[in-house]
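Q: I'd like to ask you about the structure that follows.
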Amino acid sequence: MNRTLKILLISLCGAAAVYLGLCGYFRNHFSIFTYVNGINISGSSVSGAEKRIYDSGSDYVLTITGRNGVTDTIRGDEIGLRQVPQVMLDGILSRQSAFSWPVSFISHLSYSVPVKADFSQEALEDAVAGLAFLDEDNLRAPRDAACKFENGEYRPVSNDGAYTTAELILPAVSEAIIGMRTSLDLDEAGCYAKAGVTDTDPALVSLANALNEYKGMEITVPFGEDKRVLKLENLQNFTSFEDGALQIDEEKVTAFVDALADKYDTKGKPHDFTTTSGKSITLDAGSYGWEMNREETAALLTEALAAGGKTTVEPVFKQTARSFINGDIGDSYVECDLDEQHVYVYKDGELAVDTDCVSGKAVAGNGTPNGIYAIYSKQKNTVLVGEGYRSPVSYWMPFYRNYGLHDANWRSAFGSNYYINGGSHGCVNLPVSIAGEIYDNVEVGTPVIVFGGMTRNEALAYNNGGKMPDVIPEETTQKKAAAAAPAPAPQQSVESAMAQVNAATAAAAQAQQILDAATAMVQANPQDANAQATYAAAQAQLAQAHANLYAANVAAVQAAQAAGLTQ
């Protein structure tokens with residue numbers, strides 16, 4: 001026998017011995033590449049395989065998902081998890097052919113057997129209590145479903161929130177671990193608290209249907225170039241749903257109109273203004289501005305909302321201003337700069353007229369009132385009547401009570417500081433020719449901005465070299481003394497004359513009240529012909545009352561002289 005043959009026989013015998021030896025081994029051990037429940041038990045005995053399965057519980061991981069993208073895990077090792085096979089593995093081993101063990105290298109064997117999860121209940125409860133889903137930042141209480149506007153229509157929308165508790169989570173987690181599942185969705189497992197009203201609630205569905213019947217609604221509420229537009233998506237803000245019917249809620253409409261008035265009303269509010277000289281000033285006083293009639297506007301809006309459709313609701317105003325631009329002044333107005341004693345008239349943004357003027361006599365406390373007003377009447381060739389004066393004028397443009405712009409043909413000079421000691425009773429005096437130009441360039445409703453000028457104390461200090469006088473000027477003292485002096489005992493004729501003076505005084509006071517009321521009417525409605533007529537009649541009545549009072553005073557003086565009561 002040659003050497004090569006001997007080596008071959010020896011090798012074959014050795015291989016046979018190894019094969020037979022392994023056959024003996026695999027009679028009591030699992031073949032290579034054998035798996036149970038995904039656990040590799042290759043080469044293990046039955047008891048060894050059971051231990052591998054038992055110990056594999058520490059590698060177990062349960063991945064838990066919740067709402068809002070929150071995730072967390074529970075590991076087998078933190079709850080002492082062990083897997084206990086519920087069947088004997090020798091049955092699997094008995095089906096294994098010890099002589100075919102080489103086949104396992106090319107054909108893997110995989111088996112599934114029931115197991116029981118054995119873990120610490122206390123450790124599991126602690127693990128659940130520490131899950132991220134229970135963090136305060138991740139908890140959102142559920143709210144009842146609501147009717148919301150989405151994608152062009154109203155529909156019930158649930159708001160489930162993300163509220164859960166350890167008591168809600170624990171049973172679902174225990175079930176998943178017992179089943180050795182590797183994932184759990186808390187939402188699918190019903191672990192979140194539910195809202196009392198869902199998106200299938202019949203009343204909510206009915207509300208959505210009722211609102212959607214108003215498709216195409218578009219209500220425009222204009223404020224000059226600015227506007228508020230109410231469409232279907234705004235409707236729910238103005239309605240209530242009772243007994244299956246949609247109702248326009250007047251309180252909600254009123255609240256909306258109040259908000260509009262708070263935004264757009266300007267009467268009584270400070271007005272910012274930039275003067276011709278470039279100064280920025282704020283005027284807190286004045287009668288000018290927008291003032292909405294909230295009740296009437298709300299009634300019109302309620303009617304429009306109930307009707308639906310496309311419409312415009314014009315706000316109703318108790319008092320109107322000139323514009324909604326430049327505050328509310330617009331680009332046509334009269335500016336009276338009392339510091340400079342100058343009047344500027346702007347029309348459509350361009351300076352149309354400007355002139356020197358003389359305003360109210362400062363030293364007498366008759367300063368022209370600062371503020372923002374509006375011309376509420378225009379008259380030619382009238383007589384201005386006040387206490388102690390009657391002044392015929394060619395152009396009369398009142399803007400506040402009995403204050404106005406007018407010509408003063410009795411004056412030869414304007415501007416400078418004439419107003420301090422020689423000013424008017426409060427009106428703005430103008431040269432006659434310029435007054436006519438201004439009259440032609442303003443309208444009823446044109447804003448009048450008045451600012452600057454000395455106060456009485458400032459005028460007194462001005463006359464005293466910059467210091468307030470120690471005593472009140474003599475003229476004022478004499479007037480106060482005369483007013484305080486006791487009247488001499490009247491004779492019968494004097495008593496009669498004084499009775500006429502008192503009656504004329506009362507009549508003049510009443511006429512002044514009537515004129516004040518008529519003035520307020522004209523200021524609120526400058527374009528109202530009836531208001532203008534009432535104002536003209538009241539002005540004439542006051543003029544006559546002052547004329548009667550003047551005549552009564554003359555008669556009283558004559559009676560006193562006749563009785564020897566005067567010097």
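Identifiers in this document derive from the order of the structure tokens: chains are assigned A, B, ..., residues are numbered from 1 separately in each chain, and ligands are numbered from 1 in order of occurrence.
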Could you give me, as a PDB file with all heavy atoms, in the first residue's frame, the residues within 7 Å of Thr266 (chain A), counting only C-alpha atoms and dropping anything in the same chain fewer than 3 positions from it?

A:
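Final output, saved to part_33.pdb:
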ATOM      1  N   LYS A 269     -60.594 112.862  21.698  1.00  0.00           N
ATOM      2  CA  LYS A 269     -59.289 112.216  21.848  1.00  0.00           C
ATOM      3  C   LYS A 269     -58.184 113.202  21.427  1.00  0.00           C
ATOM      4  O   LYS A 269     -58.424 114.104  20.629  1.00  0.00           O
ATOM      5  CB  LYS A 269     -59.213 110.966  20.981  1.00  0.00           C
ATOM      6  CG  LYS A 269     -60.163 109.863  21.413  1.00  0.00           C
ATOM      7  CD  LYS A 269     -60.004 108.648  20.526  1.00  0.00           C
ATOM      8  CE  LYS A 269     -60.933 107.518  20.947  1.00  0.00           C
ATOM      9  NZ  LYS A 269     -60.787 106.322  20.062  1.00  0.00           N
ATOM     10  N   GLY A 289     -64.167 115.882  15.377  1.00  0.00           N
ATOM     11  CA  GLY A 289     -63.825 114.463  15.313  1.00  0.00           C
ATOM     12  C   GLY A 289     -65.013 113.579  14.967  1.00  0.00           C
ATOM     13  O   GLY A 289     -66.171 114.005  14.948  1.00  0.00           O
ATOM     14  N   TRP A 290     -64.696 112.327  14.690  1.00  0.00           N
ATOM     15  CA  TRP A 290     -65.719 111.316  14.411  1.00  0.00           C
ATOM     16  C   TRP A 290     -66.317 110.824  15.721  1.00  0.00           C
ATOM     17  O   TRP A 290     -65.606 110.577  16.696  1.00  0.00           O
ATOM     18  CB  TRP A 290     -65.112 110.116  13.685  1.00  0.00           C
ATOM     19  CG  TRP A 290     -64.594 110.403  12.311  1.00  0.00           C
ATOM     20  CD1 TRP A 290     -63.293 110.605  11.954  1.00  0.00           C
ATOM     21  CD2 TRP A 290     -65.358 110.481  11.103  1.00  0.00           C
ATOM     22  NE1 TRP A 290     -63.198 110.819  10.610  1.00  0.00           N
ATOM     23  CE2 TRP A 290     -64.448 110.743  10.049  1.00  0.00           C
ATOM     24  CE3 TRP A 290     -66.719 110.365  10.805  1.00  0.00           C
ATOM     25  CZ2 TRP A 290     -64.860 110.889   8.725  1.00  0.00           C
ATOM     26  CZ3 TRP A 290     -67.125 110.509   9.489  1.00  0.00           C
ATOM     27  CH2 TRP A 290     -66.212 110.775   8.471  1.00  0.00           C
ATOM     28  N   GLU A 291     -67.625 110.649  15.730  1.00  0.00           N
ATOM     29  CA  GLU A 291     -68.296 110.029  16.874  1.00  0.00           C
ATOM     30  C   GLU A 291     -69.408 109.126  16.325  1.00  0.00           C
ATOM     31  O   GLU A 291     -70.406 109.602  15.784  1.00  0.00           O
ATOM     32  CB  GLU A 291     -68.882 111.066  17.822  1.00  0.00           C
ATOM     33  CG  GLU A 291     -69.539 110.427  19.048  1.00  0.00           C
ATOM     34  CD  GLU A 291     -70.166 111.442  19.987  1.00  0.00           C
ATOM     35  OE1 GLU A 291     -70.289 112.630  19.597  1.00  0.00           O
ATOM     36  OE2 GLU A 291     -70.542 111.036  21.102  1.00  0.00           O
TER      37      GLU A 291
END

Q: Could you give me the residues within region 234-353 of chain A that DSSP places in strand (DSSP E or B), as a count of residues only?

A: 39

Q: Mind checking which residues fall within 10 Å of Lys231 (chain A), counting only C-alpha atoms, ignoring those fewer than 6 positions away in the same chain, and posting them as a count of residues only?

A: 11

Q: Contacts between region 117-128 of chain A and region 40-95 of chain A, please, where a residue of region 40-95 of chain A counts if it comes within 8 Å (with only C-alpha atoms); show its shortest atom pair and distance in Å to one decimal, rows by chain and ascending number, as CSV.

A:
residue,atom,partner,partner_atom,distance
A:Gly57,CA,A:Ala117,CA,7.9
A:Ile74,CA,A:Ala127,CA,6.8
A:Glu78,CA,A:Ala123,CA,7.0
A:Ile79,CA,A:Ala123,CA,4.9
A:Gly80,CA,A:Phe119,CA,5.1
A:Leu81,CA,A:Phe119,CA,4.3
A:Arg82,CA,A:Asp118,CA,5.0
A:Gln83,CA,A:Ala117,CA,4.9
A:Val84,CA,A:Ala117,CA,6.4

Q: When you count only C-alpha atoms, which of these residues is closest to Ile372 (chain A): A:Ser287, A:Ser110, A:Ser45, A:Gln541?

A: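 Under the stated criterion, the closest residue is A:Ser287.
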
Q: Which is closest to Tyr35 (chain A) among A:Tyr111, A:Ala364, A:Tyr462, A:Ala203, if we use only C-alpha atoms?

A: A:Tyr111

Q: Report the distance between CA of Glu350 (chain A) and CA of Asp226 (chain A) in Å, rounded to one decimal place.

A: 24.0 Å

Q: Which one of A:Gly360, A:Gly465, A:Pro142, A:Pro114 sits closest to Leu89 (chain A) if you count only C-alpha atoms?

A: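 Of A:Gly360, A:Gly465, A:Pro142, A:Pro114, the one nearest Leu89 (chain A) is A:Pro114, counting only C-alpha atoms.
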
Q: Pick out the residues sitting within 12 Å of Glu175 (chain A), and hand them over as a ChimeraX atom specification; count only C-alpha atoms, and ignore anything fewer than 4 positions along from it in its own chain.

A: /A:62,116-117,124,169-171,179-184,189

Q: I need the residues from that last selection saved to file as a PDB file, in the first residue's frame (with N, CA, C and O atoms), if you can.

A:
ATOM      1  N   LEU A  62     -39.520  47.527  25.050  1.00  0.00           N
ATOM      2  CA  LEU A  62     -40.847  47.908  24.563  1.00  0.00           C
ATOM      3  C   LEU A  62     -40.799  49.392  24.199  1.00  0.00           C
ATOM      4  O   LEU A  62     -40.564  50.248  25.062  1.00  0.00           O
ATOM      5  N   LYS A 116     -43.905  32.694  29.022  1.00  0.00           N
ATOM      6  CA  LYS A 116     -44.563  33.538  30.012  1.00  0.00           C
ATOM      7  C   LYS A 116     -43.560  34.587  30.480  1.00  0.00           C
ATOM      8  O   LYS A 116     -42.425  34.258  30.811  1.00  0.00           O
ATOM      9  N   ALA A 117     -44.040  35.869  30.445  1.00  0.00           N
ATOM     10  CA  ALA A 117     -43.169  36.958  30.909  1.00  0.00           C
ATOM     11  C   ALA A 117     -43.248  37.032  32.420  1.00  0.00           C
ATOM     12  O   ALA A 117     -44.328  37.221  32.996  1.00  0.00           O
ATOM     13  N   LEU A 124     -42.299  47.579  37.410  1.00  0.00           N
ATOM     14  CA  LEU A 124     -43.039  48.044  36.237  1.00  0.00           C
ATOM     15  C   LEU A 124     -43.825  49.312  36.570  1.00  0.00           C
ATOM     16  O   LEU A 124     -43.854  50.269  35.776  1.00  0.00           O
ATOM     17  N   ILE A 169     -52.185  54.015  31.599  1.00  0.00           N
ATOM     18  CA  ILE A 169     -51.116  53.420  30.794  1.00  0.00           C
ATOM     19  C   ILE A 169     -50.760  52.010  31.270  1.00  0.00           C
ATOM     20  O   ILE A 169     -50.495  51.113  30.459  1.00  0.00           O
ATOM     21  N   LEU A 170     -50.746  51.781  32.582  1.00  0.00           N
ATOM     22  CA  LEU A 170     -50.224  50.540  33.145  1.00  0.00           C
ATOM     23  C   LEU A 170     -50.855  49.272  32.567  1.00  0.00           C
ATOM     24  O   LEU A 170     -50.121  48.338  32.186  1.00  0.00           O
ATOM     25  N   PRO A 171     -52.178  49.162  32.458  1.00  0.00           N
ATOM     26  CA  PRO A 171     -52.746  47.919  31.913  1.00  0.00           C
ATOM     27  C   PRO A 171     -52.301  47.629  30.481  1.00  0.00           C
ATOM     28  O   PRO A 171     -52.008  46.483  30.136  1.00  0.00           O
ATOM     29  N   GLY A 179     -47.372  39.843  26.362  1.00  0.00           N
ATOM     30  CA  GLY A 179     -47.382  39.299  25.006  1.00  0.00           C
ATOM     31  C   GLY A 179     -46.051  39.428  24.308  1.00  0.00           C
ATOM     32  O   GLY A 179     -45.940  39.074  23.129  1.00  0.00           O
ATOM     33  N   MET A 180     -45.064  39.970  25.022  1.00  0.00           N
ATOM     34  CA  MET A 180     -43.716  40.165  24.482  1.00  0.00           C
ATOM     35  C   MET A 180     -43.729  40.948  23.175  1.00  0.00           C
ATOM     36  O   MET A 180     -42.911  40.751  22.293  1.00  0.00           O
ATOM     37  N   ARG A 181     -44.685  41.912  23.101  1.00  0.00           N
ATOM     38  CA  ARG A 181     -44.706  42.799  21.934  1.00  0.00           C
ATOM     39  C   ARG A 181     -43.585  43.824  22.071  1.00  0.00           C
ATOM     40  O   ARG A 181     -43.204  44.197  23.192  1.00  0.00           O
ATOM     41  N   THR A 182     -43.100  44.300  20.972  1.00  0.00           N
ATOM     42  CA  THR A 182     -41.987  45.258  21.011  1.00  0.00           C
ATOM     43  C   THR A 182     -42.428  46.703  20.797  1.00  0.00           C
ATOM     44  O   THR A 182     -41.598  47.613  20.862  1.00  0.00           O
ATOM     45  N   SER A 183     -43.734  46.951  20.522  1.00  0.00           N
ATOM     46  CA  SER A 183     -44.208  48.331  20.322  1.00  0.00           C
ATOM     47  C   SER A 183     -45.624  48.465  20.882  1.00  0.00           C
ATOM     48  O   SER A 183     -46.395  47.508  20.919  1.00  0.00           O
ATOM     49  N   LEU A 184     -45.928  49.696  21.304  1.00  0.00           N
ATOM     50  CA  LEU A 184     -47.251  50.000  21.847  1.00  0.00           C
ATOM     51  C   LEU A 184     -47.604  51.442  21.486  1.00  0.00           C
ATOM     52  O   LEU A 184     -46.813  52.360  21.717  1.00  0.00           O
ATOM     53  N   ALA A 189     -54.336  52.216  21.972  1.00  0.00           N
ATOM     54  CA  ALA A 189     -54.694  51.420  23.141  1.00  0.00           C
ATOM     55  C   ALA A 189     -55.724  52.109  24.031  1.00  0.00           C
ATOM     56  O   ALA A 189     -56.149  51.550  25.043  1.00  0.00           O
TER      57      ALA A 189
END

Q: Excluding Arg401 (chain A) and its own-chain neighbours fewer than 5 positions away, which residues fall within 9 Å of it when counting only C-alpha atoms? Please give them as a list in words.

A: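 The filter keeps Leu515, Asp516, Thr519 and Ala520 of chain A.
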
Q: Just N, CA and C atoms for this one: save the residues we selected as a PDB file, in the first residue's frame.

A:
ATOM      1  N   LEU A 515     -78.912 129.205  21.670  1.00  0.00           N
ATOM      2  CA  LEU A 515     -77.855 129.257  20.661  1.00  0.00           C
ATOM      3  C   LEU A 515     -76.819 128.153  20.897  1.00  0.00           C
ATOM      4  N   ASP A 516     -76.493 127.882  22.166  1.00  0.00           N
ATOM      5  CA  ASP A 516     -75.539 126.807  22.466  1.00  0.00           C
ATOM      6  C   ASP A 516     -76.074 125.462  21.963  1.00  0.00           C
ATOM      7  N   THR A 519     -75.905 125.471  18.231  1.00  0.00           N
ATOM      8  CA  THR A 519     -74.511 125.314  17.809  1.00  0.00           C
ATOM      9  C   THR A 519     -74.093 123.853  17.858  1.00  0.00           C
ATOM     10  N   ALA A 520     -74.480 123.161  18.922  1.00  0.00           N
ATOM     11  CA  ALA A 520     -74.153 121.730  19.041  1.00  0.00           C
ATOM     12  C   ALA A 520     -74.793 120.931  17.900  1.00  0.00           C
TER      13      ALA A 520
END

Q: Could you check the closest approach to Phe317 (chain A) for each of A:Asn525, A:Leu338, A:Thr71, A:Pro222 and tell me which residue wins, using only C-alpha atoms?

A: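 For Phe317 (chain A), the nearest of the candidates is A:Asn525.
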
Q: Pick out the residues sitting within 12 Å of Ala162 (chain A), and hand them over as a list of chain:residue names; count only C-alpha atoms, and ignore anything fewer than 2 positions along from it in its own chain.

A: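 Final neighbour list, sorted by chain and number: A:Gly66, A:Arg67, A:Asn68, A:Gly69, A:Val70, A:Ala132, A:Phe133, A:Leu134, A:Asp135, A:Glu136, A:Asp137, A:Asn138, A:Leu139, A:Arg140, A:Ala141, A:Pro142, A:Arg143, A:Asn159, A:Asp160, A:Thr164, A:Thr165, A:Leu186, A:Asp187, A:Gly190, A:Cys191, A:Tyr192, A:Ala193, A:Lys194, A:Ala195.
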
Q: Those residues with N, CA, C and O atoms, as a compact mmCIF listing (two decimals), in the first residue's frame please?

A:
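And here is the file that came out, selection-v2.txt:
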# COMPACT_ATOMS: atom_id res chain seq x y z
N GLY A 66 -46.75 58.02 21.75
CA GLY A 66 -47.95 58.74 22.18
C GLY A 66 -48.25 59.89 21.24
O GLY A 66 -47.70 59.99 20.14
N ARG A 67 -49.12 60.79 21.66
CA ARG A 67 -49.50 61.93 20.83
C ARG A 67 -48.40 62.99 20.83
O ARG A 67 -47.54 63.03 21.69
N ASN A 68 -48.49 63.83 19.80
CA ASN A 68 -47.55 64.96 19.64
C ASN A 68 -46.10 64.50 19.50
O ASN A 68 -45.17 65.22 19.87
N GLY A 69 -45.90 63.27 18.97
CA GLY A 69 -44.55 62.80 18.68
C GLY A 69 -43.74 62.38 19.88
O GLY A 69 -42.53 62.18 19.77
N VAL A 70 -44.37 62.22 21.05
CA VAL A 70 -43.64 61.82 22.25
C VAL A 70 -43.46 60.30 22.25
O VAL A 70 -44.40 59.55 21.99
N ALA A 132 -42.25 59.59 29.82
CA ALA A 132 -42.29 60.99 29.36
C ALA A 132 -43.72 61.48 29.12
O ALA A 132 -43.98 62.68 29.20
N PHE A 133 -44.64 60.58 28.84
CA PHE A 133 -46.02 60.97 28.54
C PHE A 133 -46.68 61.63 29.74
O PHE A 133 -47.68 62.34 29.59
N LEU A 134 -46.13 61.39 30.94
CA LEU A 134 -46.71 61.95 32.15
C LEU A 134 -46.03 63.23 32.59
O LEU A 134 -46.40 63.81 33.62
N ASP A 135 -45.03 63.70 31.83
CA ASP A 135 -44.40 64.98 32.13
C ASP A 135 -45.42 66.10 31.95
O ASP A 135 -46.23 66.08 31.02
N GLU A 136 -45.37 67.08 32.82
CA GLU A 136 -46.34 68.17 32.78
C GLU A 136 -46.36 68.88 31.42
O GLU A 136 -47.42 69.28 30.92
N ASP A 137 -45.18 69.04 30.81
CA ASP A 137 -45.10 69.72 29.51
C ASP A 137 -45.80 68.95 28.40
O ASP A 137 -46.13 69.53 27.36
N ASN A 138 -45.99 67.65 28.59
CA ASN A 138 -46.60 66.83 27.54
C ASN A 138 -48.08 66.54 27.80
O ASN A 138 -48.71 65.84 27.00
N LEU A 139 -48.61 67.08 28.88
CA LEU A 139 -50.02 66.83 29.22
C LEU A 139 -50.88 67.99 28.73
O LEU A 139 -50.60 69.15 29.02
N ARG A 140 -51.89 67.68 27.97
CA ARG A 140 -52.85 68.66 27.49
C ARG A 140 -54.25 68.12 27.73
O ARG A 140 -54.63 67.10 27.15
N ALA A 141 -55.01 68.80 28.57
CA ALA A 141 -56.34 68.31 28.90
C ALA A 141 -57.24 68.35 27.66
O ALA A 141 -57.15 69.29 26.86
N PRO A 142 -58.08 67.38 27.48
CA PRO A 142 -58.99 67.39 26.32
C PRO A 142 -60.05 68.47 26.49
O PRO A 142 -60.45 68.81 27.61
N ARG A 143 -60.48 69.04 25.38
CA ARG A 143 -61.58 70.00 25.40
C ARG A 143 -62.68 69.50 24.47
O ARG A 143 -62.43 68.76 23.53
N ASN A 159 -60.87 68.12 19.83
CA ASN A 159 -59.66 68.63 20.47
C ASN A 159 -59.35 67.68 21.62
O ASN A 159 -59.70 67.93 22.78
N ASP A 160 -58.71 66.54 21.28
CA ASP A 160 -58.52 65.47 22.25
C ASP A 160 -57.44 65.77 23.27
O ASP A 160 -57.33 65.07 24.28
N THR A 164 -53.13 61.88 29.98
CA THR A 164 -53.18 60.48 30.40
C THR A 164 -52.66 60.37 31.82
O THR A 164 -52.15 61.35 32.38
N THR A 165 -52.78 59.19 32.39
CA THR A 165 -52.30 58.95 33.76
C THR A 165 -51.61 57.60 33.79
O THR A 165 -51.76 56.77 32.88
N LEU A 186 -50.08 54.30 22.47
CA LEU A 186 -51.01 54.65 23.55
C LEU A 186 -52.35 55.14 23.03
O LEU A 186 -53.39 54.91 23.66
N ASP A 187 -52.32 55.85 21.88
CA ASP A 187 -53.57 56.35 21.30
C ASP A 187 -54.45 55.19 20.88
O ASP A 187 -55.65 55.13 21.20
N GLY A 190 -56.14 53.34 23.65
CA GLY A 190 -57.16 54.05 24.42
C GLY A 190 -56.67 54.55 25.76
O GLY A 190 -57.43 54.56 26.74
N CYS A 191 -55.40 54.98 25.81
CA CYS A 191 -54.82 55.40 27.08
C CYS A 191 -54.99 56.89 27.36
O CYS A 191 -54.50 57.38 28.39
N TYR A 192 -55.62 57.65 26.45
CA TYR A 192 -55.79 59.08 26.66
C TYR A 192 -57.23 59.40 27.07
O TYR A 192 -58.18 58.76 26.61
N ALA A 193 -57.36 60.43 27.94
CA ALA A 193 -58.68 60.87 28.38
C ALA A 193 -59.43 61.46 27.19
O ALA A 193 -58.84 62.11 26.33
N LYS A 194 -60.73 61.26 27.16
CA LYS A 194 -61.54 61.71 26.03
C LYS A 194 -62.38 62.92 26.44
O LYS A 194 -62.76 63.07 27.61
N ALA A 195 -62.68 63.78 25.46
CA ALA A 195 -63.53 64.95 25.71
C ALA A 195 -64.98 64.51 25.85
O ALA A 195 -65.39 63.46 25.36

Q: Could you check the closest approach to Gly38 (chain A) for each of A:Arg3, A:Arg294, A:His108, A:Lys148 and tell me which residue wins, using only C-alpha atoms?

A: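 Closest candidate: A:His108.
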